[in-house]
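Visitor: Structure: coords.cif, mmCIF, C-alpha atoms.
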data_target
loop_
_atom_site.group_PDB
_atom_site.id
_atom_site.type_symbol
_atom_site.label_atom_id
_atom_site.label_comp_id
_atom_site.auth_asym_id
_atom_site.auth_seq_id
_atom_site.Cartn_x
_atom_site.Cartn_y
_atom_site.Cartn_z
ATOM 1 C CA MET A 22 -15.512 14.672 -23.417
ATOM 2 C CA ALA A 23 -19.089 15.923 -23.665
ATOM 3 C CA ARG A 24 -21.528 15.365 -20.864
ATOM 4 C CA GLN A 25 -25.289 15.409 -20.982
ATOM 5 C CA THR A 26 -26.509 17.664 -18.197
ATOM 6 C CA THR A 27 -29.803 17.931 -16.415
ATOM 7 C CA SER A 28 -31.104 20.472 -13.951
ATOM 8 C CA ASP A 29 -31.121 17.817 -11.223
ATOM 9 C CA VAL A 30 -27.737 17.776 -9.540
ATOM 10 C CA PRO A 31 -27.083 14.556 -7.617
ATOM 11 C CA ALA A 32 -25.921 14.604 -4.001
ATOM 12 C CA VAL A 33 -22.872 12.436 -4.783
ATOM 13 C CA SER A 34 -20.657 11.946 -7.832
ATOM 14 C CA ILE A 35 -18.840 8.617 -7.863
ATOM 15 C CA ILE A 36 -15.803 8.332 -10.107
ATOM 16 C CA LEU A 37 -14.778 4.886 -11.310
ATOM 17 C CA PRO A 38 -11.794 4.666 -13.680
ATOM 18 C CA THR A 39 -11.225 1.336 -15.398
ATOM 19 C CA TYR A 40 -8.942 -0.429 -17.832
ATOM 20 C CA ASN A 41 -9.407 -4.006 -19.108
ATOM 21 C CA ARG A 42 -11.532 -5.132 -16.169
ATOM 22 C CA ALA A 43 -14.198 -7.136 -17.990
ATOM 23 C CA TYR A 44 -13.637 -9.999 -15.569
ATOM 24 C CA CYS A 45 -14.647 -7.946 -12.505
ATOM 25 C CA ILE A 46 -16.290 -4.654 -13.544
ATOM 26 C CA ARG A 47 -19.841 -5.911 -12.902
ATOM 27 C CA ARG A 48 -19.127 -6.343 -9.185
ATOM 28 C CA ALA A 49 -17.898 -2.753 -8.900
ATOM 29 C CA ILE A 50 -20.802 -1.276 -10.878
ATOM 30 C CA ASP A 51 -23.453 -3.404 -9.166
ATOM 31 C CA SER A 52 -22.130 -2.510 -5.717
ATOM 32 C CA VAL A 53 -22.636 1.170 -6.536
ATOM 33 C CA LEU A 54 -25.976 0.880 -8.345
ATOM 34 C CA ASN A 55 -27.360 -1.250 -5.489
ATOM 35 C CA GLN A 56 -26.630 1.313 -2.776
ATOM 36 C CA THR A 57 -29.440 2.092 -0.311
ATOM 37 C CA PHE A 58 -28.658 5.791 -0.936
ATOM 38 C CA THR A 59 -29.665 6.421 -4.540
ATOM 39 C CA ASP A 60 -29.103 10.143 -5.207
ATOM 40 C CA PHE A 61 -25.842 9.814 -7.109
ATOM 41 C CA GLU A 62 -24.218 9.714 -10.503
ATOM 42 C CA LEU A 63 -21.678 7.018 -11.323
ATOM 43 C CA ILE A 64 -19.087 8.345 -13.758
ATOM 44 C CA LEU A 65 -17.261 5.397 -15.275
ATOM 45 C CA ILE A 66 -14.196 6.465 -17.237
ATOM 46 C CA ASP A 67 -12.758 3.751 -19.474
ATOM 47 C CA ASP A 68 -9.063 4.260 -20.148
ATOM 48 C CA GLY A 69 -9.034 2.614 -23.571
ATOM 49 C CA SER A 70 -9.934 -0.957 -22.613
ATOM 50 C CA THR A 71 -9.303 -3.553 -25.313
ATOM 51 C CA ASP A 72 -11.300 -6.369 -23.680
ATOM 52 C CA ASP A 73 -15.104 -6.591 -23.228
ATOM 53 C CA THR A 74 -15.290 -3.861 -20.584
ATOM 54 C CA LYS A 75 -17.103 -1.440 -22.910
ATOM 55 C CA ALA A 76 -19.779 -3.976 -23.888
ATOM 56 C CA ILE A 77 -20.390 -4.911 -20.264
ATOM 57 C CA VAL A 78 -20.757 -1.290 -19.169
ATOM 58 C CA GLU A 79 -23.059 -0.529 -22.101
ATOM 59 C CA SER A 80 -25.320 -3.430 -21.100
ATOM 60 C CA TYR A 81 -26.541 -1.415 -18.092
ATOM 61 C CA ASP A 82 -29.720 0.617 -18.408
ATOM 62 C CA ASP A 83 -29.492 3.026 -15.490
ATOM 63 C CA SER A 84 -29.662 6.788 -15.946
ATOM 64 C CA ARG A 85 -27.271 7.298 -13.010
ATOM 65 C CA LEU A 86 -24.451 5.607 -14.946
ATOM 66 C CA VAL A 87 -22.419 7.932 -17.163
ATOM 67 C CA HIS A 88 -20.014 5.974 -19.367
ATOM 68 C CA VAL A 89 -17.074 7.690 -21.022
ATOM 69 C CA HIS A 90 -15.016 5.414 -23.250
ATOM 70 C CA ASN A 91 -11.612 6.646 -24.385
ATOM 71 C CA ASP A 92 -9.740 5.051 -27.264
ATOM 72 C CA ASP A 93 -6.345 5.813 -25.774
ATOM 73 C CA ASN A 94 -4.762 4.627 -22.540
ATOM 74 C CA GLN A 95 -3.457 7.527 -20.462
ATOM 75 C CA GLY A 96 -3.500 6.094 -16.949
ATOM 76 C CA GLN A 97 -5.628 6.171 -13.836
ATOM 77 C CA THR A 98 -4.627 9.643 -12.654
ATOM 78 C CA LYS A 99 -5.650 11.254 -15.955
ATOM 79 C CA ARG A 100 -8.980 9.416 -15.907
ATOM 80 C CA LEU A 101 -9.676 10.358 -12.283
ATOM 81 C CA ASN A 102 -9.117 13.989 -13.242
ATOM 82 C CA ASP A 103 -11.429 13.545 -16.244
ATOM 83 C CA GLY A 104 -14.073 12.184 -13.871
ATOM 84 C CA LEU A 105 -13.646 15.085 -11.471
ATOM 85 C CA ARG A 106 -14.196 17.543 -14.327
ATOM 86 C CA LEU A 107 -17.464 15.772 -15.194
ATOM 87 C CA ALA A 108 -18.682 15.445 -11.601
ATOM 88 C CA ARG A 109 -21.637 17.652 -10.728
ATOM 89 C CA ALA A 110 -22.198 16.887 -7.048
ATOM 90 C CA ASP A 111 -20.870 18.632 -3.967
ATOM 91 C CA LEU A 112 -19.783 15.270 -2.539
ATOM 92 C CA ILE A 113 -17.284 13.047 -4.356
ATOM 93 C CA ALA A 114 -16.603 9.332 -3.878
ATOM 94 C CA PHE A 115 -14.199 7.010 -5.655
ATOM 95 C CA GLN A 116 -14.610 3.364 -6.613
ATOM 96 C CA ASP A 117 -12.048 1.018 -8.129
ATOM 97 C CA SER A 118 -13.044 -1.314 -10.927
ATOM 98 C CA ASP A 119 -12.037 -4.404 -8.954
ATOM 99 C CA ASP A 120 -13.700 -3.459 -5.656
ATOM 100 C CA GLY A 121 -17.170 -3.679 -4.199
ATOM 101 C CA TRP A 122 -19.043 -1.559 -1.680
ATOM 102 C CA LEU A 123 -21.371 -2.795 1.027
ATOM 103 C CA PRO A 124 -24.967 -1.689 0.277
ATOM 104 C CA ALA A 125 -25.272 1.026 2.949
ATOM 105 C CA LYS A 126 -21.842 2.626 2.436
ATOM 106 C CA LEU A 127 -23.075 5.835 0.809
ATOM 107 C CA GLU A 128 -26.125 6.138 3.053
ATOM 108 C CA LYS A 129 -23.958 6.051 6.170
ATOM 109 C CA GLN A 130 -21.292 8.341 4.744
ATOM 110 C CA VAL A 131 -23.716 10.966 3.454
ATOM 111 C CA ALA A 132 -25.497 10.997 6.836
ATOM 112 C CA GLY A 133 -22.117 11.271 8.556
ATOM 113 C CA MET A 134 -20.999 14.126 6.322
ATOM 114 C CA ARG A 135 -24.281 15.999 6.718
ATOM 115 C CA ALA A 136 -23.905 15.769 10.510
ATOM 116 C CA GLN A 137 -20.511 17.517 10.357
ATOM 117 C CA PRO A 138 -19.761 21.224 10.225
ATOM 118 C CA PRO A 139 -18.970 22.544 6.731
ATOM 119 C CA ASP A 140 -15.228 22.728 7.417
ATOM 120 C CA VAL A 141 -14.982 18.928 7.677
ATOM 121 C CA GLY A 142 -13.577 17.868 4.318
ATOM 122 C CA LEU A 143 -14.082 14.110 4.353
ATOM 123 C CA VAL A 144 -15.534 11.147 6.161
ATOM 124 C CA TYR A 145 -14.275 7.594 5.851
ATOM 125 C CA VAL A 146 -15.198 4.007 6.632
ATOM 126 C CA ASP A 147 -13.416 0.736 7.342
ATOM 127 C CA LYS A 148 -12.245 -1.494 4.493
ATOM 128 C CA TRP A 149 -12.340 -5.262 4.056
ATOM 129 C CA ARG A 150 -10.099 -7.232 1.754
ATOM 130 C CA PHE A 151 -11.465 -10.431 0.238
ATOM 131 C CA GLU A 152 -9.345 -12.642 -1.956
ATOM 132 C CA PRO A 153 -10.175 -16.117 -3.227
ATOM 133 C CA GLU A 154 -8.870 -18.848 -0.952
ATOM 134 C CA ARG A 155 -7.524 -16.344 1.585
ATOM 135 C CA GLU A 156 -8.837 -14.994 4.851
ATOM 136 C CA LYS A 157 -10.834 -11.791 4.922
ATOM 137 C CA PHE A 158 -8.744 -8.900 6.193
ATOM 138 C CA HIS A 159 -10.292 -5.948 8.043
ATOM 139 C CA TRP A 160 -8.558 -2.587 7.796
ATOM 140 C CA LYS A 161 -9.984 -0.524 10.614
ATOM 141 C CA SER A 162 -10.383 3.181 10.149
ATOM 142 C CA PRO A 163 -8.346 5.327 12.500
ATOM 143 C CA THR A 164 -10.076 5.985 15.792
ATOM 144 C CA ASN A 165 -8.125 9.123 16.512
ATOM 145 C CA MET A 166 -7.519 12.239 14.487
ATOM 146 C CA PRO A 167 -4.042 13.764 14.315
ATOM 147 C CA ASP A 168 -3.819 16.773 16.652
ATOM 148 C CA ASP A 169 -3.679 19.232 13.768
ATOM 149 C CA GLY A 170 -6.599 17.546 11.950
ATOM 150 C CA ILE A 171 -4.509 17.101 8.801
ATOM 151 C CA ILE A 172 -4.650 13.496 7.670
ATOM 152 C CA PHE A 173 -2.744 13.894 4.401
ATOM 153 C CA ASP A 174 0.532 14.874 6.069
ATOM 154 C CA LYS A 175 0.344 11.792 8.223
ATOM 155 C CA ALA A 176 -0.792 9.381 5.506
ATOM 156 C CA LEU A 177 2.110 7.022 6.174
ATOM 157 C CA ASP A 178 1.521 6.985 9.926
ATOM 158 C CA GLU A 179 0.109 3.633 11.044
ATOM 159 C CA GLN A 180 -2.848 5.383 12.692
ATOM 160 C CA VAL A 181 -4.174 6.778 9.403
ATOM 161 C CA TYR A 182 -2.677 4.794 6.544
ATOM 162 C CA ASN A 183 -5.754 2.595 6.160
ATOM 163 C CA ILE A 184 -7.833 5.408 4.740
ATOM 164 C CA GLY A 185 -8.045 4.524 1.052
ATOM 165 C CA PRO A 186 -9.693 6.259 -1.889
ATOM 166 C CA GLN A 187 -12.632 3.835 -1.918
ATOM 167 C CA SER A 188 -13.339 4.458 1.765
ATOM 168 C CA VAL A 189 -13.752 8.247 1.644
ATOM 169 C CA LEU A 190 -16.494 10.703 0.816
ATOM 170 C CA ILE A 191 -15.022 14.136 0.104
ATOM 171 C CA ARG A 192 -16.498 17.610 -0.138
ATOM 172 C CA ARG A 193 -15.815 19.038 -3.594
ATOM 173 C CA GLU A 194 -14.566 22.320 -2.171
#
As structure tokens - that is how I would like this structure written.

Guide:
Amino acid sequence: MARQTTSDVPAVSIILPTYNRAYCIRRAIDSVLNQTFTDFELILIDDGSTDDTKAIVESYDDSRLVHVHNDDNQGQTKRLNDGLRLARADLIAFQDSDDGWLPAKLEKQVAGMRAQPPDVGLVYVDKWRFEPEREKFHWKSPTNMPDDGIIFDKALDEQVYNIGPQSVLIRRE
């Protein structure tokens, strides 16, 4: 998995694994490329799609989009790890191939992260769920931090379970 490198390291690396999502991949890509914060790389890792996903991704002409197409299907976890190995930025975000971000998501998160001391490992935002012919559903981010500051250990607690991969911005370290 070779990667063309430049001396300009982006502020954020966004990792987007996909598999056979031709029917919805444009929404995910467009929602990232249309962010008000533009200093990022979008690493799209195709897990061996057999539909038109590859052609759709290759139709984009944006230097921030790095497309890695794999011929074999090895699963989302493997492809997320592949993306992390390619990521150059100090801040990491994740996008799913069937999701969309609001335009100012990264701008707000990067500002929020930069306002925190270096020992803060992640910031997160609310999530909305939209499905055809169903009501919108708002998952609110937790308003309180666990006493020990460790979210992972309490991931199943109702106060923090709404933090999802697409809603976080994480420090690489």

Visitor: Identify which of the residues A:Leu107, A:Asp119, A:Ile35, A:Asp73 lies closest to A:Gln56, counting only C-alpha atoms when measuring atom-to-atom distances.

Guide: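 Residue with the minimum atom-to-atom distance to A:Gln56: A:Ile35.
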
Visitor: Here's the selection I'm unsure about, the PyMOL selection byres ((chain A and resi 143) around 8); applied to the file above, which residues does it give, as an MDAnalysis selection string?

Guide: chainID A and resid 134 141:142 144:145 189:192

Visitor: Could you tell me how far atom CA of A:Thr39 sits from atom CA of A:Lys99, in Å to one decimal place?

Guide: 11.4 Å

Visitor: Find the nearest atom pair between each residue of stretch 90-142 of chain A and stretch 46-52 of chain A for residues within 12 Å, count only C-alpha atoms, give distances in Å to one decimal, sort rows by chain and ascending number, and present the table as a Markdown table.

Guide:
| residue | atom | partner | partner_atom | distance |
| --- | --- | --- | --- | --- |
| A:Phe115 | CA | A:Ala49 | CA | 10.9 |
| A:Gln116 | CA | A:Ala49 | CA | 7.3 |
| A:Asp117 | CA | A:Ala49 | CA | 7.0 |
| A:Ser118 | CA | A:Ile46 | CA | 5.3 |
| A:Asp119 | CA | A:Ala49 | CA | 6.1 |
| A:Asp120 | CA | A:Ala49 | CA | 5.4 |
| A:Gly121 | CA | A:Ala49 | CA | 4.8 |
| A:Trp122 | CA | A:Ser52 | CA | 5.2 |
| A:Leu123 | CA | A:Ser52 | CA | 6.8 |
| A:Pro124 | CA | A:Ser52 | CA | 6.7 |
| A:Ala125 | CA | A:Ser52 | CA | 9.9 |
| A:Lys126 | CA | A:Ser52 | CA | 9.6 |
| A:Leu127 | CA | A:Ser52 | CA | 10.6 |

Visitor: Evaluated on this file, the PyMOL selection byres ((chain A and resi 90) around 6) picks out some residues - which ones are they, written as JSON, numbers by chain?

Guide: {"A": [67, 89, 91]}

Visitor: When you draw a straight line from atom CA of A:Leu112 to atom CA of A:Val78, how long is it in Å?

Guide: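 These atoms are spaced 23.5 Å apart.
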
Visitor: By how many Å are atom CA of A:Leu105 and atom CA of A:Arg85 apart?

Guide: 15.8 Å

Visitor: List the residues selected by the PyMOL selection byres ((chain A and resi 60) around 8) in the file shown, writing them as a PyMOL selection string.

Guide: chain A and resi 31-33+58-59+61-62

Visitor: Between A:Ala108, A:Leu63, A:Ala43, A:Leu54, single out the one closest to A:Lys75, counting all atoms listed in the file.

Guide: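 Under the stated criterion, the closest residue is A:Ala43.
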
Visitor: In terms of the shortest atom-to-atom distance over all atoms listed in the file, which of A:Asp147, A:Glu194, A:Asp93, A:Asp72 is closest to A:Lys129?

Guide: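 Comparing A:Asp147, A:Glu194, A:Asp93, A:Asp72 against A:Lys129, the winner is A:Asp147.
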
Visitor: Could you write out as AutoDock Vina command-line options the box around stretch 116-125 of chain A (axis-aligned, all atoms listed in the file, 4 Å on each side), with centre and edge lengths in Å to one decimal?

Guide:
--center_x -18.7 --center_y -0.5 --center_z -4.0 --size_x 21.2 --size_y 15.8 --size_z 21.9

Visitor: Of the candidates A:Gln187, A:Ser80, A:Asn55, A:Val146, which shows the shortest atom-to-atom distance to A:Ile36, using all atoms listed in the file?

Guide: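 Looking at the shortest contact to A:Ile36, the residue is A:Gln187.
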
Visitor: Find, counting only C-alpha atoms, the residue in A:Arg100, A:Arg135, A:Arg109, A:Arg193 that gets nearest to A:Ser34.

Guide: A:Arg109

Visitor: Which residue is closest to A:Ile64? Choose from A:Pro186, A:Pro139, A:Gly104, A:Gly96 and count all atoms listed in the file.

Guide: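 Smallest distance to A:Ile64 is found for A:Gly104.
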
Visitor: Missing atoms in stretch 34-66 of chain A should be modelled up to N, CA and C atoms and reported as a short mmCIF file (atom, residue, chain, number, x, y, z; two decimals), keeping the file's coordinate frame.

Guide:
data_model
loop_
_atom_site.label_atom_id
_atom_site.label_comp_id
_atom_site.auth_asym_id
_atom_site.auth_seq_id
_atom_site.Cartn_x
_atom_site.Cartn_y
_atom_site.Cartn_z
N SER A 34 -21.25 12.41 -6.57
CA SER A 34 -20.66 11.95 -7.83
C SER A 34 -19.63 10.88 -7.48
N ILE A 35 -19.76 9.72 -8.09
CA ILE A 35 -18.84 8.62 -7.86
C ILE A 35 -18.00 8.45 -9.12
N ILE A 36 -16.70 8.44 -8.96
CA ILE A 36 -15.80 8.33 -10.11
C ILE A 36 -15.15 6.96 -10.08
N LEU A 37 -15.30 6.24 -11.19
CA LEU A 37 -14.78 4.89 -11.31
C LEU A 37 -13.95 4.78 -12.59
N PRO A 38 -12.63 4.88 -12.50
CA PRO A 38 -11.79 4.67 -13.68
C PRO A 38 -11.59 3.17 -13.89
N THR A 39 -11.44 2.76 -15.14
CA THR A 39 -11.22 1.34 -15.40
C THR A 39 -10.37 1.14 -16.63
N TYR A 40 -9.72 -0.03 -16.67
CA TYR A 40 -8.94 -0.43 -17.83
C TYR A 40 -8.87 -1.96 -17.86
N ASN A 41 -9.44 -2.55 -18.89
CA ASN A 41 -9.41 -4.01 -19.11
C ASN A 41 -9.84 -4.79 -17.87
N ARG A 42 -11.02 -4.46 -17.36
CA ARG A 42 -11.53 -5.13 -16.17
C ARG A 42 -12.83 -5.88 -16.45
N ALA A 43 -12.97 -6.41 -17.65
CA ALA A 43 -14.20 -7.14 -17.99
C ALA A 43 -14.49 -8.26 -17.00
N TYR A 44 -13.46 -8.86 -16.47
CA TYR A 44 -13.64 -10.00 -15.57
C TYR A 44 -14.20 -9.61 -14.20
N CYS A 45 -14.19 -8.31 -13.84
CA CYS A 45 -14.65 -7.95 -12.50
C CYS A 45 -15.46 -6.66 -12.45
N ILE A 46 -15.65 -5.97 -13.56
CA ILE A 46 -16.29 -4.65 -13.54
C ILE A 46 -17.74 -4.71 -13.07
N ARG A 47 -18.43 -5.81 -13.34
CA ARG A 47 -19.84 -5.91 -12.90
C ARG A 47 -19.97 -5.78 -11.39
N ARG A 48 -19.06 -6.42 -10.65
CA ARG A 48 -19.13 -6.34 -9.18
C ARG A 48 -19.01 -4.89 -8.73
N ALA A 49 -18.09 -4.15 -9.30
CA ALA A 49 -17.90 -2.75 -8.90
C ALA A 49 -19.13 -1.91 -9.24
N ILE A 50 -19.62 -2.05 -10.45
CA ILE A 50 -20.80 -1.28 -10.88
C ILE A 50 -22.02 -1.66 -10.05
N ASP A 51 -22.28 -2.95 -9.91
CA ASP A 51 -23.45 -3.40 -9.17
C ASP A 51 -23.41 -2.93 -7.72
N SER A 52 -22.23 -2.93 -7.12
CA SER A 52 -22.13 -2.51 -5.72
C SER A 52 -22.46 -1.03 -5.55
N VAL A 53 -22.26 -0.24 -6.58
CA VAL A 53 -22.64 1.17 -6.54
C VAL A 53 -24.12 1.32 -6.86
N LEU A 54 -24.57 0.72 -7.94
CA LEU A 54 -25.98 0.88 -8.35
C LEU A 54 -26.95 0.30 -7.32
N ASN A 55 -26.50 -0.62 -6.49
CA ASN A 55 -27.36 -1.25 -5.49
C ASN A 55 -27.24 -0.61 -4.11
N GLN A 56 -26.73 0.61 -4.04
CA GLN A 56 -26.63 1.31 -2.78
C GLN A 56 -28.03 1.67 -2.25
N THR A 57 -28.18 1.68 -0.92
CA THR A 57 -29.44 2.09 -0.31
C THR A 57 -29.65 3.60 -0.48
N PHE A 58 -28.59 4.37 -0.61
CA PHE A 58 -28.66 5.79 -0.94
C PHE A 58 -28.58 5.88 -2.45
N THR A 59 -29.57 6.50 -3.08
CA THR A 59 -29.66 6.42 -4.54
C THR A 59 -29.45 7.74 -5.28
N ASP A 60 -29.24 8.84 -4.56
CA ASP A 60 -29.10 10.14 -5.21
C ASP A 60 -27.64 10.38 -5.60
N PHE A 61 -27.23 9.71 -6.67
CA PHE A 61 -25.84 9.81 -7.11
C PHE A 61 -25.75 9.67 -8.62
N GLU A 62 -24.59 10.03 -9.13
CA GLU A 62 -24.22 9.71 -10.50
C GLU A 62 -22.94 8.88 -10.42
N LEU A 63 -22.87 7.85 -11.24
CA LEU A 63 -21.68 7.02 -11.32
C LEU A 63 -21.00 7.34 -12.64
N ILE A 64 -19.83 7.96 -12.56
CA ILE A 64 -19.09 8.35 -13.76
C ILE A 64 -18.00 7.30 -13.99
N LEU A 65 -18.21 6.46 -14.96
CA LEU A 65 -17.26 5.40 -15.28
C LEU A 65 -16.41 5.85 -16.46
N ILE A 66 -15.13 5.99 -16.21
CA ILE A 66 -14.20 6.46 -17.24
C ILE A 66 -13.33 5.30 -17.68
#
